[in-house]
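Everything below belongs to upload.txt, which stores compact mmCIF, C-alpha atoms.
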```txt
# COMPACT_ATOMS: atom_id res chain seq x y z
CA MET A 1 139.63 73.69 93.82
CA VAL A 2 139.67 77.36 94.72
CA ILE A 3 139.48 80.25 92.28
CA SER A 4 139.84 83.86 93.35
CA LYS A 5 139.00 87.24 91.93
CA LYS A 6 140.38 90.60 92.95
CA VAL A 7 138.56 93.95 92.88
CA GLU A 8 139.28 97.36 94.36
CA PHE A 9 137.40 100.21 95.94
CA SER A 10 138.39 103.46 97.62
CA ALA A 11 136.66 104.64 100.77
CA SER A 12 137.16 106.58 103.96
CA HIS A 13 136.47 105.47 107.52
CA ILE A 14 136.80 106.44 111.15
CA CYS A 15 137.77 103.78 113.68
CA ARG A 16 136.12 104.93 116.91
CA SER A 17 133.70 103.07 119.12
CA PRO A 18 131.00 105.07 120.96
CA ARG A 19 131.37 102.48 123.74
CA LEU A 20 134.99 103.51 124.42
CA SER A 21 136.35 106.74 125.89
CA ASP A 22 138.42 109.11 123.74
CA ALA A 23 141.60 107.85 125.41
CA GLU A 24 140.62 104.20 124.86
CA ASN A 25 139.79 104.92 121.22
CA GLU A 26 143.18 106.54 120.66
CA ARG A 27 144.92 103.63 122.35
CA THR A 28 142.96 100.98 120.47
CA TYR A 29 143.00 102.42 116.94
CA GLY A 30 145.93 104.86 116.96
CA ALA A 31 145.94 107.24 113.99
CA ALA A 32 142.87 105.47 112.56
CA ALA A 33 140.79 107.02 115.38
CA ASN A 34 141.05 110.51 113.80
CA PRO A 35 137.43 111.76 114.06
CA LEU A 36 137.71 113.50 110.69
CA GLY A 37 138.36 110.18 108.95
CA HIS A 38 140.98 108.95 106.49
CA GLY A 39 140.90 106.68 103.47
CA HIS A 40 142.39 103.67 101.72
CA ASN A 41 142.45 101.96 98.38
CA TYR A 42 141.03 98.64 99.50
CA VAL A 43 141.74 95.46 97.55
CA VAL A 44 139.22 92.62 97.94
CA GLU A 45 140.12 89.03 97.06
CA VAL A 46 137.14 86.72 96.88
CA ALA A 47 137.87 82.99 96.76
CA ILE A 48 135.30 80.50 95.47
CA GLU A 49 135.51 76.77 96.15
CA GLY A 50 134.06 74.00 94.00
CA GLU A 51 134.69 71.49 91.23
CA PRO A 52 134.64 72.61 87.59
CA ASP A 53 131.47 71.89 85.64
CA PRO A 54 132.25 68.93 83.32
CA VAL A 55 130.77 70.77 80.33
CA THR A 56 131.99 74.36 80.78
CA GLY A 57 135.17 73.59 82.72
CA MET A 58 134.28 76.42 85.11
CA ILE A 59 133.51 76.46 88.85
CA LEU A 60 131.55 79.67 88.44
CA ASP A 61 130.95 82.10 85.63
CA LEU A 62 133.49 84.79 86.54
CA LYS A 63 131.45 87.43 84.75
CA ARG A 64 128.61 86.62 87.16
CA LEU A 65 130.98 86.90 90.12
CA LYS A 66 132.16 90.25 88.78
CA ASP A 67 128.56 91.45 88.48
CA ILE A 68 127.76 90.31 92.05
CA LEU A 69 130.81 92.15 93.40
CA GLU A 70 129.96 95.25 91.41
CA GLU A 71 126.32 95.33 92.46
CA LYS A 72 126.56 94.16 96.08
CA VAL A 73 129.91 95.62 97.16
CA LEU A 74 131.57 98.15 94.88
CA SER A 75 128.48 100.21 94.06
CA VAL A 76 127.79 100.41 97.82
CA TYR A 77 131.35 100.95 99.15
CA ASP A 78 133.26 102.83 96.45
CA HIS A 79 134.04 106.49 97.17
CA ARG A 80 131.96 106.51 100.34
CA LEU A 81 132.53 107.42 103.98
CA LEU A 82 131.76 103.99 105.40
CA ASN A 83 130.62 105.19 108.85
CA ARG A 84 127.91 107.47 107.42
CA GLU A 85 126.95 105.93 104.10
CA VAL A 86 127.23 102.14 104.38
CA GLU A 87 125.25 99.92 106.73
CA PRO A 88 126.04 98.42 109.24
CA PHE A 89 128.88 100.86 109.89
CA ASP A 90 126.54 103.38 111.48
CA ARG A 91 126.45 100.86 114.35
CA VAL A 92 129.61 98.73 113.89
CA VAL A 93 133.18 100.08 113.76
CA PRO A 94 134.43 99.76 110.14
CA THR A 95 137.65 97.96 111.05
CA LEU A 96 139.20 95.74 108.40
CA GLU A 97 137.83 92.72 110.30
CA ASN A 98 134.25 94.02 110.16
CA ILE A 99 134.58 95.06 106.50
CA ALA A 100 135.65 91.50 105.53
CA ILE A 101 132.71 90.03 107.48
CA ASP A 102 130.24 92.50 105.91
CA ILE A 103 131.44 91.82 102.36
CA TRP A 104 131.01 88.08 103.01
CA SER A 105 127.42 88.59 104.18
CA ARG A 106 126.62 90.74 101.14
CA ILE A 107 127.84 88.27 98.50
CA ASP A 108 127.41 84.82 100.10
CA PRO A 109 123.62 84.57 99.46
CA HIS A 110 124.21 85.17 95.74
CA ILE A 111 126.80 82.46 95.13
CA ARG A 112 124.85 79.32 94.31
CA GLY A 113 125.09 76.04 92.46
CA ARG A 114 128.32 74.05 92.54
CA ALA A 115 130.30 77.06 93.77
CA LYS A 116 130.66 77.97 97.42
CA LEU A 117 132.19 81.10 98.91
CA TYR A 118 135.47 80.05 100.55
CA SER A 119 137.01 83.29 101.79
CA VAL A 120 136.98 87.07 101.59
CA ARG A 121 140.34 88.73 102.06
CA VAL A 122 140.54 92.52 102.25
CA HIS A 123 143.81 94.45 102.03
CA GLU A 124 143.80 97.90 103.57
CA THR A 125 147.47 98.60 102.74
CA VAL A 126 150.23 96.38 101.34
CA GLU A 127 151.19 95.65 104.95
CA LEU A 128 147.79 94.70 106.35
CA SER A 129 145.02 92.33 105.33
CA VAL A 130 142.22 90.36 106.98
CA GLU A 131 140.67 87.13 105.75
CA TYR A 132 137.21 85.80 106.78
CA ARG A 133 136.14 82.26 105.90
CA GLY A 134 132.61 82.44 107.26
CA GLY A 135 131.20 80.83 110.39
CA LYS A 136 131.89 81.72 113.99
CA MET B 1 133.58 85.57 114.26
CA THR B 2 137.01 84.15 113.50
CA VAL B 3 139.24 86.05 111.07
CA ARG B 4 142.82 85.79 109.91
CA LEU B 5 144.82 88.99 109.97
CA THR B 6 148.09 89.33 108.06
CA ARG B 7 150.70 92.00 108.71
CA LYS B 8 153.87 92.52 106.68
CA TYR B 9 157.25 93.78 107.91
CA GLY B 10 160.65 94.25 106.29
CA PHE B 11 164.31 94.19 107.25
CA ALA B 12 167.60 94.19 105.36
CA ALA B 13 170.44 91.83 106.29
CA SER B 14 173.40 89.99 104.82
CA HIS B 15 174.27 86.32 104.87
CA ARG B 16 176.42 83.64 103.35
CA LEU B 17 175.23 80.12 102.65
CA HIS B 18 178.02 77.77 103.63
CA SER B 19 177.83 74.49 105.55
CA ARG B 20 180.77 73.26 107.61
CA ALA B 21 179.55 69.73 106.95
CA LEU B 22 180.29 70.13 103.21
CA SER B 23 183.54 70.54 101.28
CA ASP B 24 184.25 73.84 99.51
CA GLU B 25 183.36 72.23 96.20
CA GLU B 26 180.11 70.79 97.60
CA ASN B 27 179.23 74.20 99.10
CA ARG B 28 179.74 75.89 95.74
CA ARG B 29 177.63 73.26 94.01
CA THR B 30 174.84 73.40 96.65
CA TYR B 31 174.53 77.14 97.15
CA GLY B 32 175.94 78.62 93.92
CA LYS B 33 176.61 82.35 94.15
CA CYS B 34 175.06 82.45 97.64
CA ASN B 35 178.29 80.72 98.76
CA ASN B 36 180.37 83.83 97.94
CA PRO B 37 182.84 84.06 100.89
CA HIS B 38 182.21 87.80 101.27
CA GLY B 39 178.48 87.35 101.75
CA HIS B 40 175.64 89.30 100.15
CA GLY B 41 172.34 90.86 101.28
CA HIS B 42 168.59 90.95 100.79
CA ASN B 43 165.60 93.09 101.63
CA TYR B 44 163.65 90.45 103.51
CA GLU B 45 159.90 90.72 103.94
CA VAL B 46 158.05 88.83 106.65
CA GLU B 47 154.31 88.25 106.78
CA ILE B 48 152.75 87.16 110.06
CA THR B 49 149.22 85.71 109.98
CA VAL B 50 147.23 85.44 113.20
CA ARG B 51 143.83 83.85 113.78
CA GLY B 52 141.46 85.36 116.32
CA GLN B 53 137.95 86.34 117.33
CA VAL B 54 136.68 89.81 116.42
CA ASP B 55 135.99 91.73 119.63
CA ARG B 56 132.38 92.98 119.65
CA VAL B 57 133.27 96.42 120.98
CA THR B 58 136.47 97.29 119.14
CA GLY B 59 135.86 95.31 115.94
CA ARG B 60 139.46 94.13 116.13
CA ALA B 61 140.87 90.59 116.32
CA ILE B 62 144.31 91.58 117.61
CA ASP B 63 146.00 94.57 119.20
CA LEU B 64 148.15 95.70 116.24
CA GLY B 65 150.37 97.74 118.53
CA ARG B 66 151.31 94.60 120.46
CA LEU B 67 151.91 92.66 117.24
CA ASP B 68 154.15 95.47 115.95
CA ARG B 69 156.07 95.53 119.24
CA ILE B 70 156.67 91.78 119.27
CA ALA B 71 157.79 91.88 115.60
CA GLU B 72 160.10 94.81 116.35
CA GLU B 73 161.62 93.27 119.50
CA GLU B 74 161.96 89.67 118.31
CA ILE B 75 162.70 90.05 114.60
CA LEU B 76 163.37 93.53 113.27
CA LYS B 77 165.61 94.98 115.97
CA PRO B 78 167.89 91.92 116.31
CA LEU B 79 168.18 91.27 112.54
CA ARG B 80 167.97 94.66 110.82
CA TYR B 81 171.23 95.58 109.09
CA ARG B 82 173.00 92.55 110.56
CA ASN B 83 175.33 89.99 109.15
CA LEU B 84 173.24 86.95 110.04
CA ASN B 85 176.15 84.46 110.10
CA GLU B 86 178.33 86.62 112.34
CA GLU B 87 175.88 88.53 114.51
CA VAL B 88 172.95 86.21 115.14
CA PRO B 89 174.18 83.35 117.37
CA VAL B 90 171.94 80.58 115.98
CA PHE B 91 173.50 81.09 112.54
CA HIS B 92 177.01 80.40 113.84
CA GLU B 93 175.99 76.76 113.55
CA VAL B 94 172.94 76.70 111.29
CA VAL B 95 173.12 77.84 107.64
CA PRO B 96 170.95 80.99 107.25
CA THR B 97 168.90 79.72 104.31
CA THR B 98 165.39 81.13 103.89
CA GLU B 99 164.09 77.85 105.36
CA ASN B 100 166.22 78.10 108.50
CA LEU B 101 165.55 81.81 108.82
CA ALA B 102 161.78 81.17 108.68
CA ALA B 103 162.13 78.49 111.39
CA GLU B 104 164.18 80.84 113.59
CA LEU B 105 161.71 83.74 113.24
CA ASP B 106 158.82 81.37 113.98
CA ARG B 107 160.62 80.08 117.08
CA ARG B 108 161.30 83.63 118.31
CA LEU B 109 157.68 84.70 117.87
CA ARG B 110 156.37 81.56 119.54
CA SER B 111 158.59 81.91 122.58
CA ALA B 112 157.62 85.59 123.08
CA TRP B 113 153.91 85.08 122.28
CA PRO B 114 152.56 84.00 125.72
CA GLU B 115 154.05 87.07 127.41
CA ALA B 116 152.80 89.44 124.69
CA PHE B 117 149.30 87.92 124.73
CA PRO B 118 148.91 86.57 128.29
CA ASP B 119 145.10 86.45 128.05
CA GLY B 120 145.17 83.77 125.32
CA GLY B 121 144.09 85.98 122.44
CA PRO B 122 145.15 85.49 118.85
CA VAL B 123 146.88 82.35 117.57
CA LEU B 124 150.03 82.59 115.47
CA GLU B 125 148.97 80.65 112.38
CA LYS B 126 151.44 81.32 109.61
CA LEU B 127 154.75 82.96 108.87
CA ARG B 128 155.99 83.73 105.34
CA ILE B 129 159.34 85.18 104.43
CA TRP B 130 160.43 86.64 101.10
CA GLU B 131 164.16 86.59 100.42
CA THR B 132 163.49 88.05 96.97
CA GLU B 133 160.33 88.46 94.92
CA ARG B 134 160.83 84.89 93.73
CA ASN B 135 162.07 83.05 96.84
CA ILE B 136 159.41 82.62 99.48
CA CYS B 137 159.28 80.21 102.41
CA GLU B 138 156.20 79.54 104.53
CA ILE B 139 155.55 77.84 107.87
CA ASP B 140 151.85 77.08 108.28
CA HIS B 141 150.56 75.83 111.63
CA ALA B 142 146.89 75.66 110.52
```
Please render this file's structure as structure tokens.
Amino acid sequence: MVISKKVEFSASHICRSPRLSDAENERTYGAAANPLGHGHNYVVEVAIEGEPDPVTGMILDLKRLKDILEEKVLSVYDHRLLNREVEPFDRVVPTLENIAIDIWSRIDPHIRGRAKLYSVRVHETVELSVEYRGGK
Amino acid sequence: MTVRLTRKYGFAASHRLHSRALSDEENRRTYGKCNNPHGHGHNYEVEITVRGQVDRVTGRAIDLGRLDRIAEEEILKPLRYRNLNEEVPVFHEVVPTTENLAAELDRRLRSAWPEAFPDGGPVLEKLRIWETERNICEIDHA
């Protein structure tokens, strides 16, 4: 059984790689390569897999999940310029793909017991989202 | 790292649900008001999900420009503001239900995919189409 929770944060980012030329950056990221940055209201859907506890009827205490997301993700990401203020985006381009992978690595160690992190899906706009299910 | 990226597109078109293999009465019973001889339209939404590896340099799993071009060429340009039954050859024979439309869009993407992504690249995993907020059809290859 999979249960999911949705949270939001707002942040700005710049999609440019120091390993690419200006022309390659423009071609790869389009408008998102603007060196002055731009922002989104990101929506994060976290899905947890497991069987409900026979006593509580819950896979995971959702209040605990909310607290983990608040402490490990939202307090770090919300209203920040990701490239300058959030690791590892001083070294890694904060594409939607890398944001989903980073959010996974921030919350996965804190989800224990019968519950297991199943996926992290991040929506950048209503037209674009990326889902990471862990692993390679 | 493998991720799944989902991109959403929209187009408006008209159709009529009517099967030549059924009588007029059976058509009315099967398709209800969608059988209206004059046709009717929808704002369709299409979600394409691809699965791919995140490139270490760019941090991207797919070239979104190429995905947008293939969606534009194969789906949006040929279907936007069209009467599906009259103007899209496959629907001269096949009833343009959401199910058949999903299968046709999937077929179009699949046949154009190798040329758009000749180096292997991302895998087309899922296609979802909304006819209305409440009618959604999905083809999942995962």
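Residue list for chain A within 7 Å of chain B: Ser17, Arg19, Val93, Thr95, Glu97, Asn98, Glu127, Leu128, Ser129, Val130, Glu131, Tyr132, Gly135 and Lys136 of chain A, counting only C-alpha atoms.
Here CA of Asn85 in chain B stands at a distance of 26.6 Å from CA of Leu67 in chain B.
Contact shell of His141 in chain B at 10 Å (only C-alpha atoms; same-chain neighbours under 5 positions omitted): Val123, Leu124, Glu125, Lys126 and Leu127 of chain B.
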Inset, instruction - Kindly provide, as a PyMOL selection string, the polymer residues lying within 8 Å of (135.6, 106.1, 113.4), counting all atoms listed in the file and using the coordinates exactly as they appear in the file. - result: chain A and resi 13-17+32-35+37+83+93-94
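Reported to one decimal place, the separation of CA of Leu81 in chain A from CA of Ile111 in chain A is 27.1 Å.
With only C-alpha atoms as the basis for measurement, A:Val120 is the residue among A:Val120, A:Val92, A:Ala115, A:Leu82 that approaches Glu45 in chain A most closely.
The two atoms in question, CA of His40 in chain A and CA of Pro109 in chain A, are spaced 26.9 Å apart.
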